[in-house]
$ cat start.tsv   # TSV, C-alpha atoms (C1' of nucleotides)
chain	number	residue	atom	x	y	z
A	20	MET	CA	-19.71	-20.38	-10.80
A	21	SER	CA	-17.04	-21.32	-8.26
A	22	SER	CA	-17.08	-19.98	-4.75
A	23	LEU	CA	-13.87	-18.21	-5.66
A	24	ARG	CA	-15.79	-15.94	-7.97
A	25	LYS	CA	-17.96	-14.72	-5.16
A	26	LEU	CA	-14.95	-13.90	-3.01
A	27	ILE	CA	-12.88	-12.21	-5.69
A	28	PRO	CA	-14.92	-9.64	-7.63
A	29	ASP	CA	-14.51	-9.67	-11.42
A	30	TYR	CA	-13.25	-6.11	-11.54
A	31	LEU	CA	-10.08	-7.14	-9.69
A	32	TRP	CA	-8.91	-8.76	-12.91
A	33	LEU	CA	-8.91	-5.37	-14.58
A	34	ASP	CA	-5.67	-3.45	-14.74
A	35	ALA	CA	-4.98	-1.58	-11.52
A	36	PRO	CA	-6.44	1.83	-12.52
A	37	GLY	CA	-9.76	0.24	-13.49
A	38	ALA	CA	-9.82	-1.89	-10.36
A	39	ALA	CA	-8.87	1.10	-8.20
A	40	ARG	CA	-11.78	3.08	-9.63
A	41	ALA	CA	-14.18	0.19	-9.08
A	42	LEU	CA	-13.10	-0.27	-5.47
A	43	VAL	CA	-14.10	3.24	-4.40
A	44	GLY	CA	-17.46	2.95	-2.64
A	45	LYS	CA	-17.17	-0.77	-1.92
A	46	VAL	CA	-17.26	-1.96	1.68
A	47	LEU	CA	-14.27	-3.54	3.39
A	48	VAL	CA	-15.24	-6.27	5.85
A	49	ARG	CA	-12.63	-7.23	8.41
A	50	ARG	CA	-13.24	-10.39	10.41
A	51	LEU	CA	-11.15	-10.33	13.56
A	52	PRO	CA	-9.78	-13.53	15.14
A	53	ASP	CA	-12.47	-13.34	17.83
A	54	GLY	CA	-15.20	-13.32	15.20
A	55	THR	CA	-16.29	-9.71	15.34
A	56	GLU	CA	-16.72	-7.88	12.04
A	57	LEU	CA	-15.65	-4.35	11.23
A	58	ARG	CA	-17.03	-2.62	8.16
A	59	ALA	CA	-15.83	0.51	6.39
A	60	ARG	CA	-16.60	1.98	2.98
A	61	ILE	CA	-13.58	2.68	0.78
A	62	THR	CA	-13.23	6.38	-0.02
A	63	GLN	CA	-9.84	6.57	-1.71
A	64	THR	CA	-7.53	4.27	-3.68
A	65	GLU	CA	-4.39	4.40	-5.78
A	66	ALA	CA	-3.19	2.20	-8.65
A	67	TYR	CA	0.30	0.77	-9.11
A	68	LEU	CA	0.72	-0.72	-12.54
A	69	GLY	CA	3.50	-3.26	-12.91
A	70	GLU	CA	7.24	-3.21	-13.52
A	71	ALA	CA	7.01	-0.38	-16.06
A	72	ASP	CA	5.50	1.96	-13.45
A	73	THR	CA	8.46	3.59	-11.68
A	74	ALA	CA	6.24	4.30	-8.66
A	75	CYS	CA	5.38	0.61	-8.23
A	76	HIS	CA	7.35	-1.43	-5.71
A	77	ALA	CA	7.80	-4.09	-8.38
A	78	HIS	CA	9.61	-1.63	-10.62
A	79	HIS	CA	12.90	-3.24	-9.56
A	80	GLY	CA	11.57	-6.70	-10.22
A	81	ARG	CA	10.68	-9.68	-8.12
A	82	THR	CA	12.13	-9.75	-4.61
A	83	LYS	CA	11.08	-11.38	-1.38
A	84	ARG	CA	8.99	-8.33	-0.59
A	85	THR	CA	7.34	-7.88	-4.00
A	86	GLU	CA	6.70	-11.58	-4.54
A	87	VAL	CA	3.02	-11.39	-3.60
A	88	LEU	CA	2.43	-8.70	-6.22
A	89	TYR	CA	2.98	-11.43	-8.83
A	90	HIS	CA	0.28	-13.59	-7.32
A	91	ARG	CA	-3.35	-13.87	-8.32
A	92	ALA	CA	-5.77	-10.94	-8.22
A	93	GLY	CA	-7.40	-10.74	-4.81
A	94	THR	CA	-4.19	-11.47	-2.92
A	95	LEU	CA	-3.40	-9.00	-0.12
A	96	TYR	CA	-0.10	-7.10	-0.13
A	97	VAL	CA	0.48	-5.62	3.32
A	98	TYR	CA	3.78	-4.02	4.25
A	99	LEU	CA	5.20	-1.80	6.96
A	100	CYS	CA	6.09	1.79	6.05
A	101	TYR	CA	8.26	4.14	8.10
A	102	GLY	CA	8.52	1.52	10.78
A	103	MET	CA	5.02	2.28	12.06
A	104	TYR	CA	2.25	2.09	9.51
A	105	TRP	CA	0.82	-0.93	7.73
A	106	MET	CA	-0.22	-0.31	4.13
A	107	LEU	CA	-3.04	-2.37	2.66
A	108	ASN	CA	-2.99	-3.24	-1.04
A	109	ILE	CA	-5.06	-5.62	-3.12
A	110	VAL	CA	-3.34	-7.35	-6.03
A	111	THR	CA	-5.11	-6.88	-9.36
A	112	GLY	CA	-4.71	-7.72	-13.02
A	113	ALA	CA	-3.31	-10.86	-14.60
A	114	GLU	CA	-1.29	-13.32	-12.56
A	115	GLU	CA	2.48	-12.74	-12.93
A	116	ASP	CA	1.83	-9.07	-13.75
A	117	PRO	CA	2.70	-7.19	-10.53
A	118	GLN	CA	-0.11	-4.69	-10.09
A	119	ALA	CA	-1.93	-3.60	-6.98
A	120	VAL	CA	-4.38	-1.07	-5.58
A	121	LEU	CA	-3.44	0.77	-2.39
A	122	ILE	CA	-6.43	1.42	-0.15
A	123	ARG	CA	-5.74	4.99	0.96
A	124	GLY	CA	-8.81	5.71	3.03
A	125	VAL	CA	-12.14	4.49	4.35
A	126	GLU	CA	-15.01	6.39	5.95
A	127	GLY	CA	-13.95	7.27	9.47
A	128	ALA	CA	-10.28	6.58	8.83
A	129	GLU	CA	-8.86	8.76	6.08
A	130	GLY	CA	-5.25	7.79	5.49
A	131	PRO	CA	-3.58	4.50	4.56
A	132	GLY	CA	-1.92	4.06	7.94
A	133	LYS	CA	-5.04	5.02	9.86
A	134	LEU	CA	-7.38	2.56	8.18
A	135	THR	CA	-5.14	-0.41	8.82
A	136	LYS	CA	-4.93	0.60	12.45
A	137	ALA	CA	-8.70	1.05	12.67
A	138	LEU	CA	-9.37	-2.35	11.08
A	139	GLY	CA	-6.58	-4.23	12.84
A	140	ILE	CA	-4.74	-5.05	9.62
A	141	THR	CA	-1.07	-6.06	9.96
A	142	GLY	CA	1.60	-7.95	8.06
A	143	GLU	CA	0.00	-11.20	9.19
A	144	LEU	CA	-2.43	-10.75	6.31
A	145	ASN	CA	0.31	-10.34	3.71
A	146	GLY	CA	-0.08	-12.97	1.01
A	147	THR	CA	-3.55	-14.10	2.10
A	148	GLU	CA	-6.52	-13.78	-0.22
A	149	LEU	CA	-9.82	-11.96	0.00
A	150	GLY	CA	-12.57	-14.01	1.60
A	151	GLY	CA	-10.87	-14.79	4.90
A	152	ALA	CA	-9.84	-12.14	7.36
A	153	LEU	CA	-10.77	-9.48	4.84
A	154	SER	CA	-13.55	-9.35	2.27
A	155	ILE	CA	-15.13	-6.87	-0.10
A	156	GLU	CA	-18.87	-6.27	-0.29
A	157	ASP	CA	-20.80	-4.36	-2.91
A	158	ASP	CA	-23.91	-2.74	-1.49
A	159	GLY	CA	-24.72	-1.03	-4.76
A	160	ALA	CA	-23.44	2.40	-3.86
A	161	LYS	CA	-22.20	4.26	-6.93
A	162	PRO	CA	-20.25	7.29	-5.74
A	163	GLU	CA	-19.13	10.01	-8.09
A	164	ILE	CA	-15.38	9.58	-8.55
A	165	VAL	CA	-12.68	12.17	-8.98
A	166	CYS	CA	-9.07	11.51	-10.07
A	167	ALA	CA	-5.80	13.03	-8.91
A	168	PRO	CA	-2.07	12.32	-9.02
A	169	ARG	CA	-0.68	9.75	-6.62
A	170	VAL	CA	0.83	10.80	-3.30
A	171	GLY	CA	4.27	10.19	-1.85
A	172	ILE	CA	6.02	8.95	-4.98
A	173	GLY	CA	8.67	11.61	-5.48
A	174	TYR	CA	11.14	8.89	-6.42
A	175	ALA	CA	9.17	8.00	-9.57
A	176	SER	CA	9.67	9.45	-13.06
A	177	GLU	CA	7.94	12.72	-13.84
A	178	ASP	CA	5.63	10.96	-16.27
A	179	ASP	CA	4.60	8.45	-13.65
A	180	GLN	CA	4.11	11.15	-11.03
A	181	ARG	CA	1.70	12.90	-13.37
A	182	ARG	CA	-0.61	9.93	-13.94
A	183	LEU	CA	-4.07	10.41	-12.45
A	184	TRP	CA	-4.15	7.06	-10.70
A	185	ARG	CA	-5.64	8.19	-7.42
A	186	PHE	CA	-9.39	7.81	-7.17
A	187	MET	CA	-11.64	9.22	-4.50
A	188	ALA	CA	-15.34	9.60	-3.79
A	189	LYS	CA	-16.39	13.18	-4.45
B	12	DA	C1'	9.07	21.49	9.20
B	13	DA	C1'	10.68	17.49	11.09
B	14	DA	C1'	10.80	13.55	14.02
B	15	DG	C1'	9.68	8.92	14.90
B	16	DT	C1'	10.40	3.97	13.51
B	17	DG	C1'	11.98	-0.68	11.56
B	18	DA	C1'	11.81	-3.82	7.39
B	19	DT	C1'	13.90	-4.13	3.07
B	20	DC	C1'	17.25	-3.96	-0.44
B	21	DA	C1'	21.62	-2.84	-2.55
B	22	DT	C1'	26.33	-2.25	-1.18
B	23	DG	C1'	30.72	-4.30	0.48
C	7	DA	C1'	27.63	-5.69	8.35
C	8	DT	C1'	26.05	-0.93	7.23
C	9	DG	C1'	23.38	2.60	5.30
C	10	DA	C1'	19.68	4.74	2.40
C	11	DT	C1'	15.20	4.75	1.50
C	12	DC	C1'	10.69	4.74	2.28
C	13	DA	C1'	2.53	4.14	-1.03
C	14	DC	C1'	2.88	7.99	6.66
C	15	DT	C1'	1.15	10.57	10.77
C	16	DT	C1'	1.56	13.63	14.39
C	17	DT	C1'	3.34	17.40	16.68
C	18	DG	C1'	5.07	21.97	17.08

$ encode --input "start.tsv" --output "structure tokens"
Amino acid sequence: MSSLRKLIPDYLWLDAPGAARALVGKVLVRRLPDGTELRARITQTEAYLGEADTACHAHHGRTKRTEVLYHRAGTLYVYLCYGMYWMLNIVTGAEEDPQAVLIRGVEGAEGPGKLTKALGITGELNGTELGGALSIEDDGAKPEIVCAPRVGIGYASEDDQRRLWRFMAK
DNA sequence: AAAGTGATCATG
DNA sequence: ATGATCACTTTG
């Protein structure tokens, strides 16, 4: 068992909806440059499933921005939205298949822009992998999960807008 | 309801 | 080079 396996949980190789469901209830561990650790349990996630998903940034193919989505599961995809808010995603699924899970909320910071601010996550982490500045811990919590449509994807096809790919702790 | 904010990508 | 478009949040 390589050390990589400890850092990158098996469920991240699932397709994004399965990985997104598994990530709810896990604990995000942020190690700051000065060594301090911040912890927060994930409460809400969303799945973005490859080039066929019109809501996924990789829908228009590989570009400089979407490049990291094609990398290995466990890679971080962090980008700036609306000029102000960093969005944290974790790449999932098979390598070369551009899928990711958006972390939409953690306990104490509900909202994708708020949690990155609370945990000090910026574009510097884009393209890095779990196990460094950011890790995932499983403390055994098994929250009850509810599904809902994804948020903020009015540009996607109606079919894709309807998919229940948002997962949250009840 | 609408502003605030800047990278990114498709145009030309 | 310019312009549209944002996986949002806060304020009124």

$ closest_atom_pairs --input "start.tsv" --of "chain C" --to "chain A" --cutoff "7 Å" --atoms "only C-alpha atoms (C1' of nucleotides)" --output "Markdown table"
| residue | atom | partner | partner_atom | distance |
| --- | --- | --- | --- | --- |
| C:DC12 | C1' | A:Tyr101 | CA | 6.3 |
| C:DA13 | C1' | A:Gly171 | CA | 6.3 |
| C:DC14 | C1' | A:Gly132 | CA | 6.3 |

$ residues_around --input "start.tsv" --residues "DA10 in chain C" --least-positions-apart "3" --cutoff "12 Å" --atoms "only C-alpha atoms (C1' of nucleotides)" --output "PyMOL selection string"
chain B and resi 19-22

$ residues_around --input "start.tsv" --residues "Ala167 in chain A" --least-positions-apart "2" --cutoff "7 Å" --atoms "all atoms listed in the file" --output "PDB file with C-alpha atoms, in the coordinates of the input"
ATOM      1  CA  VAL A 165     -12.680  12.170  -8.980  1.00  0.00           C
ATOM      2  CA  ARG A 169      -0.680   9.750  -6.620  1.00  0.00           C
ATOM      3  CA  LEU A 183      -4.070  10.410 -12.450  1.00  0.00           C
ATOM      4  CA  TRP A 184      -4.150   7.060 -10.700  1.00  0.00           C
ATOM      5  CA  ARG A 185      -5.640   8.190  -7.420  1.00  0.00           C
ATOM      6  CA  PHE A 186      -9.390   7.810  -7.170  1.00  0.00           C
TER       7      PHE A 186
END

$ atom_distance --input "start.tsv" --atom1 "CA of Val125 in chain A" --atom2 "C1' of DT17 in chain C"
23.6 Å

$ interface_residues --input "start.tsv" --of "chain B" --to "chain A" --cutoff "7 Å" --atoms "all atoms listed in the file" --output "list in words"
DT16, DG17 and DA18 of chain B

$ closest_residue --input "start.tsv" --among "A:Ile155, A:Ile27, A:Ala113, A:Ala71" --to "Asp178 in chain A" --atoms "all atoms listed in the file"
A:Ala71

$ axis_aligned_box --input "start.tsv" --around "chain C" --padding-each-side "3 Å" --output "JSON"
{"center_x": 14.4, "center_y": 8.1, "center_z": 8.0, "size_x": 32.5, "size_y": 33.7, "size_z": 24.1}

$ residues_around --input "start.tsv" --residues "Leu144 in chain A" --least-positions-apart "4" --cutoff "8 Å" --atoms "all atoms listed in the file" --output "short mmCIF file (atom, residue, chain, number, x, y, z; two decimals) with C-alpha atoms, in the frame of the given file"
data_model
loop_
_atom_site.label_atom_id
_atom_site.label_comp_id
_atom_site.auth_asym_id
_atom_site.auth_seq_id
_atom_site.Cartn_x
_atom_site.Cartn_y
_atom_site.Cartn_z
CA LEU A 95 -3.40 -9.00 -0.12
CA TYR A 96 -0.10 -7.10 -0.13
CA VAL A 97 0.48 -5.62 3.32
CA ILE A 140 -4.74 -5.05 9.62
CA ALA A 152 -9.84 -12.14 7.36
#

$ residues_around --input "start.tsv" --residues "range 40-56 of chain A" --least-positions-apart "4" --cutoff "7 Å" --atoms "only C-alpha atoms (C1' of nucleotides)" --output "list of chain:residue names"
A:Tyr30, A:Pro36, A:Arg60, A:Ile61, A:Thr62, A:Gln63, A:Thr64, A:Leu138, A:Ala152, A:Leu153, A:Ser154, A:Ile155, A:Glu156, A:Asp157, A:Ala160, A:Lys161, A:Pro162, A:Phe186, A:Met187, A:Ala188

$ atom_distance --input "start.tsv" --atom1 "CA of Tyr89 in chain A" --atom2 "CA of Asn145 in chain A"
12.9 Å
